[in-house]
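Read the structure below first, then the notes.
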Amino acid sequence: MLWRGRRQSDNIEDQRSDGGGLGGGLGGDGQFRIPIGGRTGGGGSILLVILVVLAGWYFGFDPSQILGDGGGQITEDTSSQNGGSPANDEMKQFVATVLAETEDTWTGIFKSQGLTYEDPKLVLFSGQVRSACGFASAAAGPFYCPGDHKVYLDMSFFQQLDQQFGASGEFARAYVVAHEVGHHVQNLTGIMGKFNQMRQGMSEADANQLSVRIELQADCFAGVWAHYTAQKGMLEQGDIESALNAAKQIGDDTLQKRMQGYVVPESFNHGTSQQRQTWLARGYKSGKLSDCNTMSGPI
C-alpha cells in the first residue's frame, strides 16, 4: 500500500502511556456482546490462549473471564513489546494515514448525498482503555463505540493478526481500521441505532442473525473505501488479496474451527468467511453504498 507521504489525520488520541485499572468488562452501551456458541477448555498451550484472546474481539466476549489472570498477563506483555518502538511509531503514522483516507472518502460520499460527515476519533491504547461503552482490555481487540464516536485500537493486535492468523500485509491492517470506521458510518446514518432497537426482545439466535447483517455491511463499507483508495493509485499488487484473506481468517466458521474444532452456525454474529469476503469484494467492485444493503434479502 503506497501510503507514505500522504496526509495523516489529526483525529488520533494516543493513550498508550496512560495507566488506569481495568474495572470490569466491556459495557453494553451499544456494544455487540453476543456470546459464542461453544467454548474450549482452560487452555494448556500458548497458542490456545492467544486464540481465545483474539476471539474476544470477533465474538464480543471478555477473554479474561475464561483465561483468568494469566490471560491478562499475556495481553500486557504483548502490548509492552510494541510500545515506543520505532516500528510502532511508523505503525502510528500508517494508522493515521489510513484514517485520513477514510475521512476524505466518506466526506466526499456524504457530501454527494447532501450530508455532512463527522470524523470519528481513533484512540490508540496499550493494554486497557476506558470508553463511553465501558472498560476494555487489549484482549477485546479493535472496536467502535457509538457512545463517543470513537474507534479503539491496541496496535499489538496487528502483530497477532499476522503471526497467529496468517493475515499479513498492510492492507489487511487497513481493512481492520476501515471496517471499524464502517460502523461509524452506520452510526451516523442511523443504521446502528435501528439495529440496537430491533434486537431488543429478540431471541439470541435472531439477534445473532441481525448482527451478522450489520457486520457484513461494515465489511462492504470497507470495500467501498478500498474502491476509492484504488482509484487514487494507492494500492499495490496483492493488497486486495491480503484484505480478502483477512476477511476469510476472521469468518465465524473459520475462527470456530480453529478454536474448538467445530462450528455452531446459530452463534455466528459476524458472518462466515465466504460471506465476509463476498461483501468486502462487492463494495470494492462497485464503490456504491446501494450495493451494501445487507439488511434485507439473502446474504
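Residue names in the C-alpha cells use chain letters A, B, ... in the order shown, residue numbers from 1 in each chain, and ligand numbers from 1 in the order shown.
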Per residue of region 161-245 of chain A within 12 Å of region 252-259 of chain A, record the nearest atom pair and its distance in Å to one decimal, counting only C-alpha atoms, with rows in chain order and ascending residue number, as a Markdown table.
```
| residue | atom | partner | partner_atom | distance |
| --- | --- | --- | --- | --- |
| A:Gln164 | CA | A:Arg258 | CA | 10.7 |
| A:Phe165 | CA | A:Leu255 | CA | 9.2 |
| A:Asn208 | CA | A:Asp252 | CA | 11.4 |
| A:Val212 | CA | A:Asp252 | CA | 9.7 |
| A:Glu215 | CA | A:Asp252 | CA | 11.3 |
| A:Leu216 | CA | A:Asp252 | CA | 11.7 |
| A:Asn245 | CA | A:Thr254 | CA | 11.5 |
```
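Omitting Leu99 (chain A) and its sequence neighbours fewer than 6 positions away, and counting only C-alpha atoms, the residues within 10 Å are A:Arg7, A:Gln8, A:Ser9, A:Asp10, A:Asn11, A:Ile12, A:Gln93, A:Thr105, A:Asp119, A:Pro120, A:Lys121, A:Leu122, A:Ala174, A:Val177, A:Ala178, A:Val181.
Of the listed residues A:Met155, A:Leu280, A:Met202, A:Ala138, the one whose atoms come nearest to His227 (chain A) is A:Leu280, with distances taken using only C-alpha atoms.
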Quick one: residues within 9 Å of Phe171 (chain A), only C-alpha atoms counted, chain neighbours fewer than 3 positions away excluded, as an mmCIF file with C-alpha atoms, in the first residue's frame?
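Once everything was written out, this is result.cif:
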```cif
data_model
loop_
_atom_site.group_PDB
_atom_site.id
_atom_site.type_symbol
_atom_site.label_atom_id
_atom_site.label_comp_id
_atom_site.auth_asym_id
_atom_site.auth_seq_id
_atom_site.Cartn_x
_atom_site.Cartn_y
_atom_site.Cartn_z
ATOM 1 C CA MET A 1 0.000 0.000 0.000
ATOM 2 C CA SER A 168 -0.393 -10.352 6.814
ATOM 3 C CA ALA A 174 -6.095 -1.063 6.734
ATOM 4 C CA TYR A 175 -9.173 -3.257 6.272
ATOM 5 C CA VAL A 176 -9.479 -3.646 10.057
ATOM 6 C CA LEU A 235 -2.905 0.027 -3.901
ATOM 7 C CA GLY A 238 -1.653 -8.217 -3.698
ATOM 8 C CA ASP A 239 -3.255 -5.571 -1.473
ATOM 9 C CA ILE A 240 -6.857 -6.547 -2.131
ATOM 10 C CA GLU A 241 -5.936 -10.205 -1.809
ATOM 11 C CA SER A 242 -4.439 -9.554 1.633
ATOM 12 C CA ALA A 243 -7.641 -7.813 2.779
#
```
- Task: Please provide the set of residues having any atom within 8 Å of Gln209 (chain A), restricted to only C-alpha atoms, with same-chain residues fewer than 6 positions apart removed, written as a PyMOL selection string.
- Result: chain A and resi 266+268-269
Residues from the last selection, N, CA, C and O atoms, saved as a compact mmCIF listing (two decimals), in the first residue's frame:
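Full text of again-v5.txt as output:
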```
# COMPACT_ATOMS: atom_id res chain seq x y z
N GLU A 266 -25.65 -21.19 14.59
CA GLU A 266 -26.60 -20.27 15.23
C GLU A 266 -25.91 -19.24 16.12
O GLU A 266 -26.53 -18.25 16.54
N PHE A 268 -23.12 -17.65 15.06
CA PHE A 268 -22.41 -16.71 14.19
C PHE A 268 -22.98 -15.31 14.38
O PHE A 268 -24.21 -15.11 14.36
N ASN A 269 -22.11 -14.32 14.53
CA ASN A 269 -22.57 -12.94 14.65
C ASN A 269 -21.75 -11.95 13.82
O ASN A 269 -21.98 -10.75 13.91
```
- Could you give me, as a ChimeraX atom specification, each residue of region 100-245 of chain A that DSSP assigns to strand (DSSP E) when run on this structure's backbone? /A:121-124,128-131,134-137,143-145,150-153
- Message: Taking 4 positions as the minimum chain separation for residues in the same chain, which residues sit within 12 Å of region 285-294 of chain A when counting only C-alpha atoms? Answer as a VMD selection string.
- Response: chain A and resid 105 to 106 109 to 110 112 to 113 182 185 to 186 189 191 209 to 231 240 271 275 to 281 298 to 299
- Message: as a ChimeraX atom specification, please: every residue in region 77-240 of chain A that DSSP puts in alpha helix (DSSP H).
- Response: /A:77-82,86-112,156-165,170-188,191-198,204-231,239-240
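In this model, the gap between CA of Cys145 (chain A) and CA of Cys133 (chain A) comes to 6.0 Å.
The nearest approach to Gly169 (chain A) among the residues A:Glu90, A:Glu236, A:Asp148, A:Glu103, with only C-alpha atoms taken into account, belongs to A:Glu236.
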- Query: Could you work out how far CA of Glu180 (chain A) lies from CA of Leu161 (chain A), giving the answer in Å with one decimal?
  - Reply: 15.5 Å
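Going from CA of Ala167 (chain A) to CA of Lys248 (chain A) covers 8.8 Å.
Near Thr107 (chain A), within a cut-off of 9 Å and counting only C-alpha atoms, sit the residues Thr102, Ser112, Leu115, Thr116, Tyr117, Glu118 and Asp119 of chain A, with same-chain residues fewer than 5 positions away left out.
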- Minimum-distance residue to His270 (chain A), chosen among A:Gly193, A:His179, A:Arg173, A:Thr97 (using only C-alpha atoms): A:His179
